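J.: You'll find upload_23.txt just under this line, and it carries compact mmCIF, C-alpha atoms and all ligand atoms.
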```txt
# COMPACT_ATOMS: atom_id res chain seq x y z
CA MET Q 1 5.24 -38.50 -48.83
CA ALA Q 2 6.09 -35.00 -47.58
CA ALA Q 3 2.40 -34.17 -47.96
CA LEU Q 4 1.54 -37.22 -45.85
CA VAL Q 5 3.85 -35.99 -43.12
CA LEU Q 6 1.87 -32.75 -42.99
CA ILE Q 7 -1.52 -34.44 -42.50
CA PRO Q 8 -1.41 -34.34 -38.64
CA ILE Q 9 -0.32 -30.68 -38.59
CA PRO Q 10 -3.80 -29.04 -38.86
CA ILE Q 11 -5.14 -31.44 -36.22
CA LEU Q 12 -2.18 -30.54 -34.08
CA ALA Q 13 -2.82 -26.83 -34.50
CA LEU Q 14 -6.47 -27.28 -33.52
CA ALA Q 15 -5.49 -29.36 -30.50
CA LEU Q 16 -3.03 -26.68 -29.41
CA ARG Q 17 -5.67 -23.98 -29.69
CA HIS Q 18 -8.11 -26.04 -27.70
CA TYR Q 19 -5.46 -26.69 -25.07
CA ASN Q 20 -4.57 -23.01 -24.77
CA THR Q 21 -8.14 -21.92 -24.17
CA ARG Q 22 -8.62 -24.65 -21.56
CA ILE Q 23 -5.32 -24.21 -19.75
CA ARG Q 24 -5.29 -20.40 -19.46
CA PRO Q 25 -7.98 -20.17 -16.76
CA VAL Q 26 -6.34 -23.07 -14.95
CA TYR Q 27 -3.02 -21.25 -14.78
CA ARG Q 28 -4.80 -18.08 -13.78
CA ARG Q 29 -6.25 -19.95 -10.85
CA VAL Q 30 -2.82 -21.33 -9.97
CA ARG Q 31 -1.44 -17.79 -9.82
CA ALA Q 32 -4.38 -16.53 -7.78
CA ARG Q 33 -3.93 -19.33 -5.24
CA LEU Q 34 -0.22 -18.58 -5.01
CA GLY Q 35 -1.14 -14.95 -4.35
CA ASP Q 36 -3.48 -16.10 -1.57
CA ILE Q 37 -0.66 -18.06 0.04
CA ASN Q 38 1.65 -15.07 -0.06
CA ALA Q 39 -1.03 -12.79 1.37
CA LYS Q 40 -1.69 -15.25 4.18
CA LEU Q 41 2.01 -15.55 4.89
CA GLN Q 42 2.50 -11.79 5.02
CA ASP Q 43 -0.53 -11.46 7.29
CA ASN Q 44 0.65 -14.21 9.63
CA LEU Q 45 4.18 -12.90 9.89
CA SER Q 46 3.20 -9.31 10.59
CA GLY Q 47 0.45 -10.42 12.96
CA ILE Q 48 2.53 -13.04 14.72
CA ARG Q 49 2.22 -11.37 18.14
CA VAL Q 50 -1.55 -11.27 17.93
CA ILE Q 51 -1.66 -14.91 16.86
CA GLN Q 52 0.52 -15.91 19.78
CA ALA Q 53 -1.30 -13.70 22.27
CA PHE Q 54 -4.63 -15.30 21.38
CA ALA Q 55 -3.04 -18.75 21.13
CA ARG Q 56 -4.41 -19.20 17.61
CA GLU Q 57 -1.36 -20.92 16.14
CA ASP Q 58 -3.29 -24.10 15.37
CA LEU Q 59 -6.08 -22.24 13.65
CA GLU Q 60 -3.61 -20.25 11.56
CA ARG Q 61 -1.72 -23.42 10.69
CA GLN Q 62 -4.96 -25.01 9.50
CA ARG Q 63 -5.80 -21.96 7.42
CA PHE Q 64 -2.37 -21.95 5.90
CA THR Q 65 -2.64 -25.65 5.13
CA ALA Q 66 -5.98 -25.00 3.46
CA GLU Q 67 -4.44 -22.26 1.29
CA SER Q 68 -1.55 -24.56 0.40
CA GLU Q 69 -3.95 -27.33 -0.53
CA ALA Q 70 -5.97 -25.01 -2.73
CA TYR Q 71 -2.76 -24.12 -4.51
CA TYR Q 72 -1.77 -27.77 -4.75
CA HIS Q 73 -5.10 -28.73 -6.30
CA ALA Q 74 -4.97 -25.91 -8.83
CA ARG Q 75 -1.44 -26.93 -9.74
CA VAL Q 76 -2.32 -30.60 -10.07
CA ARG Q 77 -5.19 -29.70 -12.34
CA GLY Q 78 -2.83 -27.91 -14.67
CA ILE Q 79 -0.44 -30.84 -14.63
CA ARG Q 80 -3.32 -33.22 -15.38
CA TYR Q 81 -4.31 -31.28 -18.48
CA TRP Q 82 -0.74 -31.21 -19.62
CA SER Q 83 -0.20 -34.89 -19.03
CA VAL Q 84 -3.16 -35.69 -21.27
CA PHE Q 85 -2.33 -33.13 -23.91
CA PHE Q 86 1.37 -33.70 -24.36
CA PRO Q 87 1.18 -37.50 -25.04
CA ALA Q 88 -1.67 -36.75 -27.47
CA ILE Q 89 0.62 -34.44 -29.44
CA ARG Q 90 3.31 -37.10 -29.40
CA PHE Q 91 0.75 -39.61 -30.58
CA LEU Q 92 -0.22 -37.40 -33.51
CA GLY Q 93 3.43 -37.12 -34.45
CA ALA Q 94 3.80 -40.86 -34.24
CA MET Q 95 0.72 -41.22 -36.48
CA GLY Q 96 2.54 -39.21 -39.12
CA THR Q 97 5.40 -41.67 -38.96
CA VAL Q 98 3.00 -44.63 -39.14
CA ILE Q 99 1.30 -43.24 -42.27
CA VAL Q 100 4.62 -42.62 -43.99
CA LEU Q 101 5.89 -46.05 -43.00
CA GLY Q 102 2.72 -47.76 -44.30
CA VAL Q 103 2.56 -45.89 -47.61
CA GLY Q 104 6.35 -46.02 -48.03
CA ALA Q 105 6.46 -49.80 -47.43
CA MET Q 106 3.82 -50.32 -50.16
CA MET Q 107 5.79 -48.19 -52.58
CA VAL Q 108 9.00 -50.08 -51.79
CA LEU Q 109 7.17 -53.39 -52.42
CA GLU Q 110 5.92 -52.09 -55.72
CA GLY Q 111 9.42 -50.93 -56.56
CA GLU Q 112 8.54 -47.24 -56.79
CA LEU Q 113 10.85 -46.32 -53.95
CA SER Q 114 14.19 -47.70 -52.78
CA LEU Q 115 14.45 -49.00 -49.23
CA GLY Q 116 17.33 -46.58 -48.56
CA THR Q 117 15.14 -43.57 -49.45
CA LEU Q 118 12.40 -44.75 -47.07
CA VAL Q 119 14.86 -45.19 -44.20
CA ALA Q 120 16.36 -41.74 -44.87
CA PHE Q 121 12.86 -40.26 -44.98
CA LEU Q 122 11.93 -41.79 -41.63
CA ALA Q 123 15.01 -40.15 -40.11
CA TYR Q 124 13.90 -36.77 -41.54
CA ILE Q 125 10.45 -37.18 -40.02
CA THR Q 126 11.94 -37.48 -36.57
CA SER Q 127 13.79 -34.22 -36.96
CA PHE Q 128 10.56 -32.67 -38.27
CA TYR Q 129 8.39 -33.69 -35.32
CA GLU Q 130 10.97 -33.14 -32.60
CA PRO Q 131 10.89 -29.30 -32.85
CA ILE Q 132 7.10 -29.46 -32.95
CA ASN Q 133 7.09 -31.38 -29.69
CA ARG Q 134 9.46 -28.90 -28.20
CA LEU Q 135 7.28 -26.07 -29.46
CA THR Q 136 4.29 -27.42 -27.55
CA GLU Q 137 6.42 -27.57 -24.41
CA VAL Q 138 7.35 -23.93 -24.94
CA ASP Q 139 3.68 -23.13 -25.53
CA ASN Q 140 2.87 -24.58 -22.14
CA ILE Q 141 5.49 -22.43 -20.40
CA PHE Q 142 4.21 -19.48 -22.39
CA GLN Q 143 0.63 -20.02 -21.24
CA GLU Q 144 1.78 -20.07 -17.65
CA ALA Q 145 3.81 -16.91 -18.17
CA ILE Q 146 0.83 -15.14 -19.75
CA ALA Q 147 -1.30 -15.94 -16.70
CA ALA Q 148 1.42 -14.55 -14.44
CA GLY Q 149 1.97 -11.57 -16.73
CA GLU Q 150 -1.72 -10.65 -16.63
CA ARG Q 151 -1.50 -10.30 -12.86
CA ILE Q 152 1.67 -8.24 -13.01
CA PHE Q 153 0.24 -5.85 -15.59
CA GLU Q 154 -2.98 -5.55 -13.63
CA LEU Q 155 -0.88 -4.20 -10.78
CA LEU Q 156 1.27 -1.97 -12.98
CA ASP Q 157 -1.81 -0.52 -14.68
CA GLU Q 158 -3.41 0.36 -11.35
CA THR Q 159 -3.61 4.14 -11.31
CA SER Q 160 -3.88 6.35 -8.27
CA ASP Q 161 -7.18 8.19 -7.88
CA VAL Q 162 -5.21 11.25 -6.94
CA LYS Q 163 -3.24 12.48 -9.93
CA ASP Q 164 -1.53 15.64 -11.05
CA ALA Q 165 -3.76 17.67 -13.36
CA PRO Q 166 -2.12 18.20 -16.76
CA ASP Q 167 -1.76 21.91 -16.07
CA ALA Q 168 -0.72 21.53 -12.41
CA PHE Q 169 2.07 23.88 -11.36
CA ASP Q 170 4.87 23.80 -8.83
CA ALA Q 171 4.23 25.78 -5.68
CA PRO Q 172 7.67 26.00 -4.12
CA ASP Q 173 7.04 28.82 -1.66
CA ILE Q 174 3.74 28.79 0.07
CA ARG Q 175 2.86 30.99 3.01
CA GLY Q 176 0.76 28.31 4.60
CA ALA Q 177 -2.80 29.60 4.52
CA MET Q 178 -5.17 26.63 4.42
CA ALA Q 179 -8.87 26.61 3.90
CA PHE Q 180 -11.65 24.07 3.57
CA GLN Q 181 -14.68 25.29 1.63
CA HIS Q 182 -17.84 23.25 1.95
CA VAL Q 183 -15.93 19.99 1.74
CA TYR Q 184 -17.77 16.69 1.54
CA PHE Q 185 -15.83 13.46 1.54
CA ARG Q 186 -16.25 9.71 1.54
CA TYR Q 187 -13.82 6.80 1.21
CA GLY Q 188 -14.48 4.89 -2.03
CA THR Q 189 -18.18 4.21 -2.24
CA GLY Q 190 -18.80 4.24 1.50
CA ASP Q 191 -20.95 6.63 3.51
CA LYS Q 192 -19.95 10.27 3.69
CA VAL Q 193 -17.53 10.81 6.54
CA LEU Q 194 -17.21 14.60 6.21
CA HIS Q 195 -20.18 16.92 5.68
CA ASP Q 196 -19.91 20.55 4.67
CA ILE Q 197 -16.57 21.23 6.37
CA SER Q 198 -15.46 24.85 6.16
CA PHE Q 199 -12.68 26.46 8.16
CA GLN Q 200 -9.57 28.54 7.66
CA MET Q 201 -6.04 28.46 8.98
CA ALA Q 202 -4.00 31.66 8.69
CA PRO Q 203 -0.25 31.31 8.09
CA GLY Q 204 1.52 30.53 11.35
CA GLU Q 205 -1.69 29.66 13.16
CA MET Q 206 -2.09 26.57 15.29
CA VAL Q 207 -5.44 24.96 14.82
CA ALA Q 208 -6.59 21.99 16.85
CA LEU Q 209 -9.06 19.35 15.80
CA VAL Q 210 -10.86 17.52 18.55
CA GLY Q 211 -13.82 15.23 18.68
CA PRO Q 212 -14.88 11.69 19.47
CA SER Q 213 -13.21 8.72 17.83
CA GLY Q 214 -14.39 8.26 14.24
CA ALA Q 215 -15.48 11.89 13.94
CA GLY Q 216 -13.32 12.42 10.84
CA LYS Q 217 -10.18 14.11 12.20
CA THR Q 218 -7.69 11.90 10.42
CA SER Q 219 -9.80 12.18 7.26
CA ILE Q 220 -9.31 15.95 7.31
CA ALA Q 221 -5.55 15.45 7.68
CA ASN Q 222 -5.64 13.02 4.74
CA LEU Q 223 -7.34 15.65 2.57
CA ILE Q 224 -4.70 18.28 3.41
CA CYS Q 225 -1.93 15.90 2.31
CA ARG Q 226 -4.08 15.10 -0.70
CA PHE Q 227 -4.02 11.39 -0.09
CA TYR Q 228 -7.63 11.69 -1.26
CA ASP Q 229 -9.70 14.31 -3.07
CA PRO Q 230 -12.97 15.63 -1.68
CA ILE Q 231 -16.12 14.61 -3.53
CA GLN Q 232 -17.47 18.14 -3.29
CA GLY Q 233 -16.09 21.51 -2.24
CA GLN Q 234 -12.43 22.39 -2.19
CA VAL Q 235 -9.34 22.43 -0.05
CA THR Q 236 -7.10 25.40 -0.76
CA ILE Q 237 -3.59 26.41 0.14
CA ASP Q 238 -2.71 30.09 -0.27
CA GLY Q 239 -5.95 30.35 -2.23
CA TYR Q 240 -5.04 27.63 -4.76
CA ASP Q 241 -7.14 24.51 -4.98
CA LEU Q 242 -4.90 21.56 -4.05
CA ARG Q 243 -5.81 19.97 -7.38
CA GLN Q 244 -4.08 22.83 -9.21
CA ILE Q 245 -0.74 22.19 -7.52
CA LYS Q 246 1.71 19.40 -8.28
CA ILE Q 247 1.31 16.78 -5.59
CA ALA Q 248 5.04 16.46 -4.97
CA SER Q 249 5.44 20.20 -4.45
CA LEU Q 250 2.52 20.19 -2.01
CA ARG Q 251 3.82 17.28 0.00
CA ARG Q 252 7.30 18.74 0.26
CA GLN Q 253 5.79 21.56 2.27
CA VAL Q 254 3.40 19.58 4.38
CA GLY Q 255 4.89 17.55 7.20
CA VAL Q 256 2.83 14.84 8.85
CA VAL Q 257 3.12 12.71 11.89
CA LEU Q 258 0.56 10.02 11.19
CA GLN Q 259 -1.53 8.35 13.82
CA ASP Q 260 0.18 5.03 13.09
CA SER Q 261 3.63 6.31 12.24
CA PHE Q 262 5.75 4.10 10.03
CA LEU Q 263 9.49 3.74 10.44
CA PHE Q 264 11.81 1.96 8.07
CA ASN Q 265 14.11 -0.94 8.83
CA ASN Q 266 17.22 1.21 9.00
CA THR Q 267 19.21 3.32 11.43
CA ILE Q 268 17.67 6.10 13.47
CA ALA Q 269 19.65 8.71 11.54
CA ALA Q 270 18.47 7.33 8.18
CA ASN Q 271 14.87 7.42 9.38
CA LEU Q 272 15.15 10.99 10.60
CA LEU Q 273 16.84 12.13 7.39
CA TYR Q 274 14.10 10.60 5.28
CA GLY Q 275 12.35 13.89 4.53
CA ARG Q 276 15.59 15.90 4.13
CA PRO Q 277 18.58 13.73 3.24
CA ASP Q 278 20.98 16.69 3.11
CA ALA Q 279 20.46 17.87 6.69
CA THR Q 280 23.59 18.16 8.82
CA ARG Q 281 24.26 16.24 12.03
CA ALA Q 282 23.65 19.41 14.03
CA GLU Q 283 20.24 19.94 12.43
CA LEU Q 284 19.44 16.30 13.04
CA ILE Q 285 20.20 16.65 16.73
CA THR Q 286 18.25 19.89 17.02
CA ALA Q 287 15.18 18.20 15.53
CA ALA Q 288 15.60 15.18 17.82
CA ARG Q 289 15.93 17.50 20.82
CA ALA Q 290 12.75 19.33 19.83
CA ALA Q 291 10.88 16.03 19.73
CA ASN Q 292 12.37 15.09 23.09
CA ALA Q 293 14.04 12.11 21.44
CA HIS Q 294 17.73 13.06 21.71
CA ASP Q 295 18.22 11.71 25.24
CA PHE Q 296 16.87 8.25 24.59
CA ILE Q 297 18.73 8.02 21.28
CA GLU Q 298 22.02 8.87 23.02
CA GLN Q 299 21.44 6.04 25.46
CA LEU Q 300 21.07 3.43 22.73
CA PRO Q 301 24.19 1.31 22.08
CA ASP Q 302 24.98 2.90 18.71
CA GLY Q 303 23.28 6.24 19.26
CA TYR Q 304 21.97 7.68 16.01
CA ASP Q 305 23.37 4.71 14.10
CA THR Q 306 21.27 2.16 15.95
CA GLU Q 307 19.31 -0.17 13.69
CA ILE Q 308 15.67 -0.07 14.75
CA GLY Q 309 14.40 -3.23 13.03
CA GLU Q 310 11.38 -3.72 10.84
CA ARG Q 311 8.85 -0.93 11.50
CA GLY Q 312 10.95 0.00 14.51
CA VAL Q 313 10.23 -3.17 16.51
CA LYS Q 314 13.22 -2.53 18.72
CA LEU Q 315 11.71 0.69 20.04
CA SER Q 316 8.89 1.43 22.43
CA GLY Q 317 5.65 2.98 21.17
CA GLY Q 318 6.52 6.37 22.65
CA GLN Q 319 10.04 6.28 21.21
CA LYS Q 320 8.70 5.53 17.75
CA GLN Q 321 6.29 8.40 18.04
CA ARG Q 322 9.03 10.81 19.04
CA LEU Q 323 11.15 9.69 16.09
CA ALA Q 324 8.26 10.27 13.71
CA LEU Q 325 7.86 13.72 15.21
CA ALA Q 326 11.57 14.50 14.84
CA ARG Q 327 11.44 13.30 11.25
CA ALA Q 328 8.60 15.69 10.46
CA ILE Q 329 10.31 18.58 12.26
CA LEU Q 330 13.59 18.01 10.42
CA ALA Q 331 11.84 18.16 7.04
CA ASP Q 332 11.05 21.76 7.97
CA PRO Q 333 7.61 22.01 6.34
CA ARG Q 334 5.47 25.16 6.15
CA ILE Q 335 2.49 23.20 7.33
CA LEU Q 336 2.75 20.59 10.02
CA ILE Q 337 0.05 18.06 10.78
CA LEU Q 338 0.28 16.14 14.01
CA ASP Q 339 -2.23 13.33 14.31
CA GLU Q 340 -2.13 12.08 17.87
CA ALA Q 341 1.61 12.71 17.81
CA THR Q 342 1.96 12.58 21.56
CA SER Q 343 -0.65 9.98 22.43
CA SER Q 344 1.78 7.22 23.44
CA VAL Q 345 4.22 9.25 25.49
CA ASP Q 346 3.86 9.80 29.23
CA ALA Q 347 2.65 13.07 30.70
CA GLU Q 348 6.21 14.18 31.46
CA ALA Q 349 7.45 13.60 27.91
CA GLU Q 350 4.31 15.16 26.54
CA TYR Q 351 4.94 18.27 28.59
CA LEU Q 352 8.49 18.52 27.25
CA ILE Q 353 7.39 17.92 23.66
CA GLN Q 354 4.66 20.47 24.18
CA GLN Q 355 7.19 23.12 25.09
CA ALA Q 356 9.46 22.17 22.23
CA LEU Q 357 6.55 22.26 19.81
CA GLU Q 358 5.72 25.79 20.76
CA ARG Q 359 9.20 26.72 19.56
CA VAL Q 360 9.08 24.48 16.50
CA LEU Q 361 5.63 25.58 15.43
CA LYS Q 362 6.47 29.25 15.54
CA GLY Q 363 5.92 30.66 12.05
CA ARG Q 364 4.39 27.43 10.76
CA THR Q 365 0.79 26.58 10.16
CA ALA Q 366 -0.05 23.62 12.32
CA LEU Q 367 -2.98 21.29 12.55
CA VAL Q 368 -2.89 19.35 15.77
CA ILE Q 369 -5.19 16.44 16.42
CA ALA Q 370 -5.29 15.21 19.98
CA HIS Q 371 -7.53 13.29 22.28
CA ARG Q 372 -5.71 14.61 25.31
CA LEU Q 373 -7.12 18.09 25.44
CA SER Q 374 -4.31 19.47 27.60
CA THR Q 375 -2.15 19.27 24.46
CA ILE Q 376 -4.23 21.74 22.50
CA ARG Q 377 -5.38 24.18 25.14
CA HIS Q 378 -3.18 26.93 23.73
CA ALA Q 379 -4.27 26.51 20.13
CA ASP Q 380 -5.34 29.69 18.33
CA LYS Q 381 -8.47 27.96 17.21
CA ILE Q 382 -10.11 24.73 18.26
CA ILE Q 383 -12.47 22.97 15.88
CA VAL Q 384 -14.79 20.43 17.43
CA LEU Q 385 -15.87 17.69 15.09
CA ASP Q 386 -18.66 15.21 15.63
CA ARG Q 387 -19.80 12.56 13.17
CA GLY Q 388 -18.19 14.34 10.24
CA ARG Q 389 -19.60 17.78 11.01
CA ILE Q 390 -18.08 20.83 12.64
CA VAL Q 391 -20.14 21.47 15.74
CA GLU Q 392 -18.15 24.21 17.46
CA THR Q 393 -15.20 26.51 16.76
CA GLY Q 394 -13.37 28.91 19.03
CA ASN Q 395 -10.54 29.07 21.51
CA HIS Q 396 -10.35 27.08 24.69
CA ARG Q 397 -12.02 29.68 26.88
CA ASP Q 398 -14.87 30.47 24.44
CA LEU Q 399 -15.67 26.83 23.99
CA LEU Q 400 -15.70 26.14 27.72
CA GLU Q 401 -18.11 29.00 28.23
CA ARG Q 402 -20.36 27.79 25.46
CA GLY Q 403 -20.95 24.58 27.36
CA GLY Q 404 -21.23 22.31 24.33
CA LEU Q 405 -19.45 19.15 23.24
CA TYR Q 406 -15.99 20.58 23.95
CA ARG Q 407 -16.91 21.34 27.54
CA GLN Q 408 -18.29 17.82 27.90
CA LEU Q 409 -15.09 16.30 26.55
CA CYS Q 410 -13.02 18.49 28.89
CA GLN Q 411 -15.12 17.61 31.90
CA ARG Q 412 -14.87 13.93 31.19
CA GLN Q 413 -11.09 14.13 30.93
CA MET Q 414 -10.89 16.11 34.15
CA GLU Q 415 -12.99 13.52 35.96
CA MET Q 416 -10.67 10.82 34.65
CA ALA Q 417 -7.65 12.81 35.80
CA VAL Q 418 -9.04 13.14 39.33
CA LEU Q 419 -9.53 9.38 39.48
N1 LIG Q 501 -9.43 4.10 4.72
C1 LIG Q 501 -10.72 4.15 5.05
N2 LIG Q 501 -11.65 3.54 4.29
C2 LIG Q 501 -12.94 3.61 4.61
N3 LIG Q 501 -13.45 4.25 5.69
C3 LIG Q 501 -12.57 4.85 6.50
C4 LIG Q 501 -11.17 4.85 6.23
N4 LIG Q 501 -10.55 5.54 7.20
C5 LIG Q 501 -11.52 5.95 8.04
N5 LIG Q 501 -12.74 5.56 7.63
C6 LIG Q 501 -14.04 5.89 8.25
O1 LIG Q 501 -14.14 7.30 8.28
C7 LIG Q 501 -14.67 7.75 9.52
C8 LIG Q 501 -13.76 8.81 10.11
O2 LIG Q 501 -12.52 8.22 10.40
P1 LIG Q 501 -11.26 9.05 10.91
O3 LIG Q 501 -10.10 8.16 10.83
O4 LIG Q 501 -11.21 10.33 10.16
O5 LIG Q 501 -11.67 9.31 12.42
P2 LIG Q 501 -10.86 10.05 13.55
O6 LIG Q 501 -11.66 11.21 13.96
O7 LIG Q 501 -9.46 10.28 13.13
O8 LIG Q 501 -10.90 8.97 14.73
P3 LIG Q 501 -9.79 8.63 15.82
O9 LIG Q 501 -9.90 9.67 16.87
O10 LIG Q 501 -10.25 7.30 16.36
O11 LIG Q 501 -8.48 8.56 15.15
C9 LIG Q 501 -14.83 6.52 10.39
O12 LIG Q 501 -16.21 6.22 10.43
C10 LIG Q 501 -14.09 5.43 9.69
O13 LIG Q 501 -14.78 4.22 9.79
MG MG Q 502 -7.66 9.48 13.67
```
Let me see the structure of the file written as structure tokens.
T.:
Amino acid sequence: MAALVLIPIPILALALRHYNTRIRPVYRRVRARLGDINAKLQDNLSGIRVIQAFAREDLERQRFTAESEAYYHARVRGIRYWSVFFPAIRFLGAMGTVIVLGVGAMMVLEGELSLGTLVAFLAYITSFYEPINRLTEVDNIFQEAIAAGERIFELLDETSDVKDAPDAFDAPDIRGAMAFQHVYFRYGTGDKVLHDISFQMAPGEMVALVGPSGAGKTSIANLICRFYDPIQGQVTIDGYDLRQIKIASLRRQVGVVLQDSFLFNNTIAANLLYGRPDATRAELITAARAANAHDFIEQLPDGYDTEIGERGVKLSGGQKQRLALARAILADPRILILDEATSSVDAEAEYLIQQALERVLKGRTALVIAHRLSTIRHADKIIVLDRGRIVETGNHRDLLERGGLYRQLCQRQMEMAVL
């Protein structure tokens, strides 16, 4: 009779295997749809102003509903499979009981088995099949967890394209000489955005990058911070290829004010201290003064302890930019990269920052990117970039005399200024 009880087990095992192979892709889809919903939600929340400004709330609501429905349908599909499979397993278990009952009843009639033994045996069967039923329930949860786990590990296994070489070394004290040697670069598999870029920055020199929008200025800044590696040629610092140096030790000495500067949801002081947590209050204030930010900070209700909200929503564009600048100055890097660091401040503030920068930049290598050419007039060297190529190099006066792209850009800005 024990052997009879085991008859449904192989069928059960086969059914379970079949179920697992069918349900796995279904749960994968459920997870993917849930990811879509989260992505949509994140997009809608961070873009809420744009949605409101274009009065697209209804459209976004429809899209969100569509994402929710896709998730709902994927989920229901999983539930449908389960609601067919689970009763089938129960049915198989019940079949075991039926077989035992049938055969047992015959044996009792023929006197080979006492009625008491049969009843006891039926009770045992229940406690045999119950764990099996529970096991299939666990299997279902397990399948769902595997689908979720696959997505998590996919993310964890994602490696950065830019990695420390195994023999990379720490470069704690650099002098700040930068050079690009025949650098070519593209993002991913896109078109080349930099072609044969070569230039040098001596320690303490201020070099300006100018050129039309999309020329590749920010891309050059990205290469100096080693957010990306060039596809050909090399970027060197004090003569070392950036790939030879530990990334962390490089970035400790390179300060950047990015074009779209990011601030954290924290106090002003915490944001400024981000690059150098051990700086004193006095140093903090000196850096803020240099970035022309001290005065506006003092006027805030809690001064340096004012919470600035997510991404600094409680500040104006110009205020955010000055904070990002102060943060970079406080970190005291050997090389400072300013990408449009003064583009959203007024002419007055820009003038003040300009003067402060001259002090701050003394002894540091600086790469300044600016559309407003007045900012970079005093640079030691101006590099003019157009469509990923260096078209002119020289100081302000040389370039004006040459009458090329730089002169054109200057003239256009002067005309605009007169208007
Ligand atoms: N993350 C990216 N992925 C793919 N292509 C990019 C990326 N960032 C920039 N590009 C492309 O690289 C080119 C150069 O962009 P880059 O940001 O360097 O220009 P830019 O000179 O800084 O312009 P702007 O003055 O408008 O800031 C552009 O054609 C742009 O489309
Ligand atoms: Mg840019």
J.: Please write out, as lines of an AutoDock Vina configuration file, where the centre of an axis-aligned box around all listed atoms of region 216-228 of chain Q lies and how long its edges are, in Å to one decimal, after adding 8 Å on each side.
T.:
```
center_x = -7.6
center_y = 14.8
center_z = 5.5
size_x = 27.4
size_y = 22.9
size_z = 29.5
```
J.: Extract, using all atoms listed in the file, all DNA, RNA and protein residues at most 6 Å from region 223-234 of chain Q, discarding same-chain residues fewer than 4 positions from it, and format them as a list of chain:residue names.
T.: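 Contacts, in chain order: Q:Gln181, Q:His182, Q:Val183, Q:Tyr184, Q:Phe185.
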J.: 12 Å from ligand MG 502 (chain Q) is the threshold here; counting all atoms listed in the file, which polymer residues fall inside it? Answer as a ChimeraX atom specification.
T.: /Q:209-222,257-261,337-341,343,368-371,385
J.: Quick one: of Q:Phe262, Q:Phe128, Q:Tyr351, Q:Tyr274, who's nearest to Arg311 (chain Q), counting only C-alpha atoms?
T.: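 When distances to Arg311 (chain Q) are compared using only C-alpha atoms, the smallest one comes from Q:Phe262.
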J.: Find the residues around Ala293 (chain Q) up to 12 Å (only C-alpha atoms counted), leave out those fewer than 5 positions away in its own chain, and share them as an mmCIF file with C-alpha atoms, keeping the file's coordinate frame.
T.:
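Result saved to result33.cif:
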```cif
data_model
loop_
_atom_site.group_PDB
_atom_site.id
_atom_site.type_symbol
_atom_site.label_atom_id
_atom_site.label_comp_id
_atom_site.auth_asym_id
_atom_site.auth_seq_id
_atom_site.Cartn_x
_atom_site.Cartn_y
_atom_site.Cartn_z
ATOM 1 C CA ILE Q 268 17.670 6.100 13.470
ATOM 2 C CA ALA Q 269 19.650 8.710 11.540
ATOM 3 C CA LEU Q 272 15.150 10.990 10.600
ATOM 4 C CA LEU Q 284 19.440 16.300 13.040
ATOM 5 C CA ILE Q 285 20.200 16.650 16.730
ATOM 6 C CA THR Q 286 18.250 19.890 17.020
ATOM 7 C CA ALA Q 287 15.180 18.200 15.530
ATOM 8 C CA ALA Q 288 15.600 15.180 17.820
ATOM 9 C CA GLU Q 298 22.020 8.870 23.020
ATOM 10 C CA GLN Q 299 21.440 6.040 25.460
ATOM 11 C CA LEU Q 300 21.070 3.430 22.730
ATOM 12 C CA GLY Q 303 23.280 6.240 19.260
ATOM 13 C CA TYR Q 304 21.970 7.680 16.010
ATOM 14 C CA LEU Q 315 11.710 0.690 20.040
ATOM 15 C CA SER Q 316 8.890 1.430 22.430
ATOM 16 C CA GLY Q 318 6.520 6.370 22.650
ATOM 17 C CA GLN Q 319 10.040 6.280 21.210
ATOM 18 C CA LYS Q 320 8.700 5.530 17.750
ATOM 19 C CA GLN Q 321 6.290 8.400 18.040
ATOM 20 C CA ARG Q 322 9.030 10.810 19.040
ATOM 21 C CA LEU Q 323 11.150 9.690 16.090
ATOM 22 C CA ALA Q 324 8.260 10.270 13.710
ATOM 23 C CA LEU Q 325 7.860 13.720 15.210
ATOM 24 C CA ALA Q 326 11.570 14.500 14.840
ATOM 25 C CA ARG Q 327 11.440 13.300 11.250
ATOM 26 C CA ILE Q 329 10.310 18.580 12.260
ATOM 27 C CA VAL Q 345 4.220 9.250 25.490
ATOM 28 C CA ALA Q 349 7.450 13.600 27.910
ATOM 29 C CA GLU Q 350 4.310 15.160 26.540
ATOM 30 C CA LEU Q 352 8.490 18.520 27.250
ATOM 31 C CA ILE Q 353 7.390 17.920 23.660
ATOM 32 C CA ALA Q 356 9.460 22.170 22.230
#
```
J.: Would you kindly return, as a list of chain:residue names, each protein, DNA or RNA residue with an atom no farther than 8 Å from any atom of region 77-83 of chain Q, considering only C-alpha atoms and excluding same-chain residues fewer than 6 positions away?
T.: Q:Ile23, Q:Val26, Q:Tyr27, Q:Asn140
J.: Atoms to include: C-alpha atoms. Write the selected residues as a PDB file, in the coordinates of the input.
T.:
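New file out_37.pdb:
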```pdb
ATOM      1  CA  ILE Q  23      -5.320 -24.210 -19.750  1.00  0.00           C
ATOM      2  CA  VAL Q  26      -6.340 -23.070 -14.950  1.00  0.00           C
ATOM      3  CA  TYR Q  27      -3.020 -21.250 -14.780  1.00  0.00           C
ATOM      4  CA  ASN Q 140       2.870 -24.580 -22.140  1.00  0.00           C
TER       5      ASN Q 140
END
```
J.: In Å, with one decimal, what is the gap from CA of Leu400 (chain Q) to CA of Ser374 (chain Q)?
T.: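 We find that CA of Leu400 (chain Q) and CA of Ser374 (chain Q) lie 13.2 Å from each other.
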J.: Would you mind reading off the distance between CA of Asp191 (chain Q) and CA of Ala208 (chain Q), one decimal, in Å?
T.: 24.9 Å
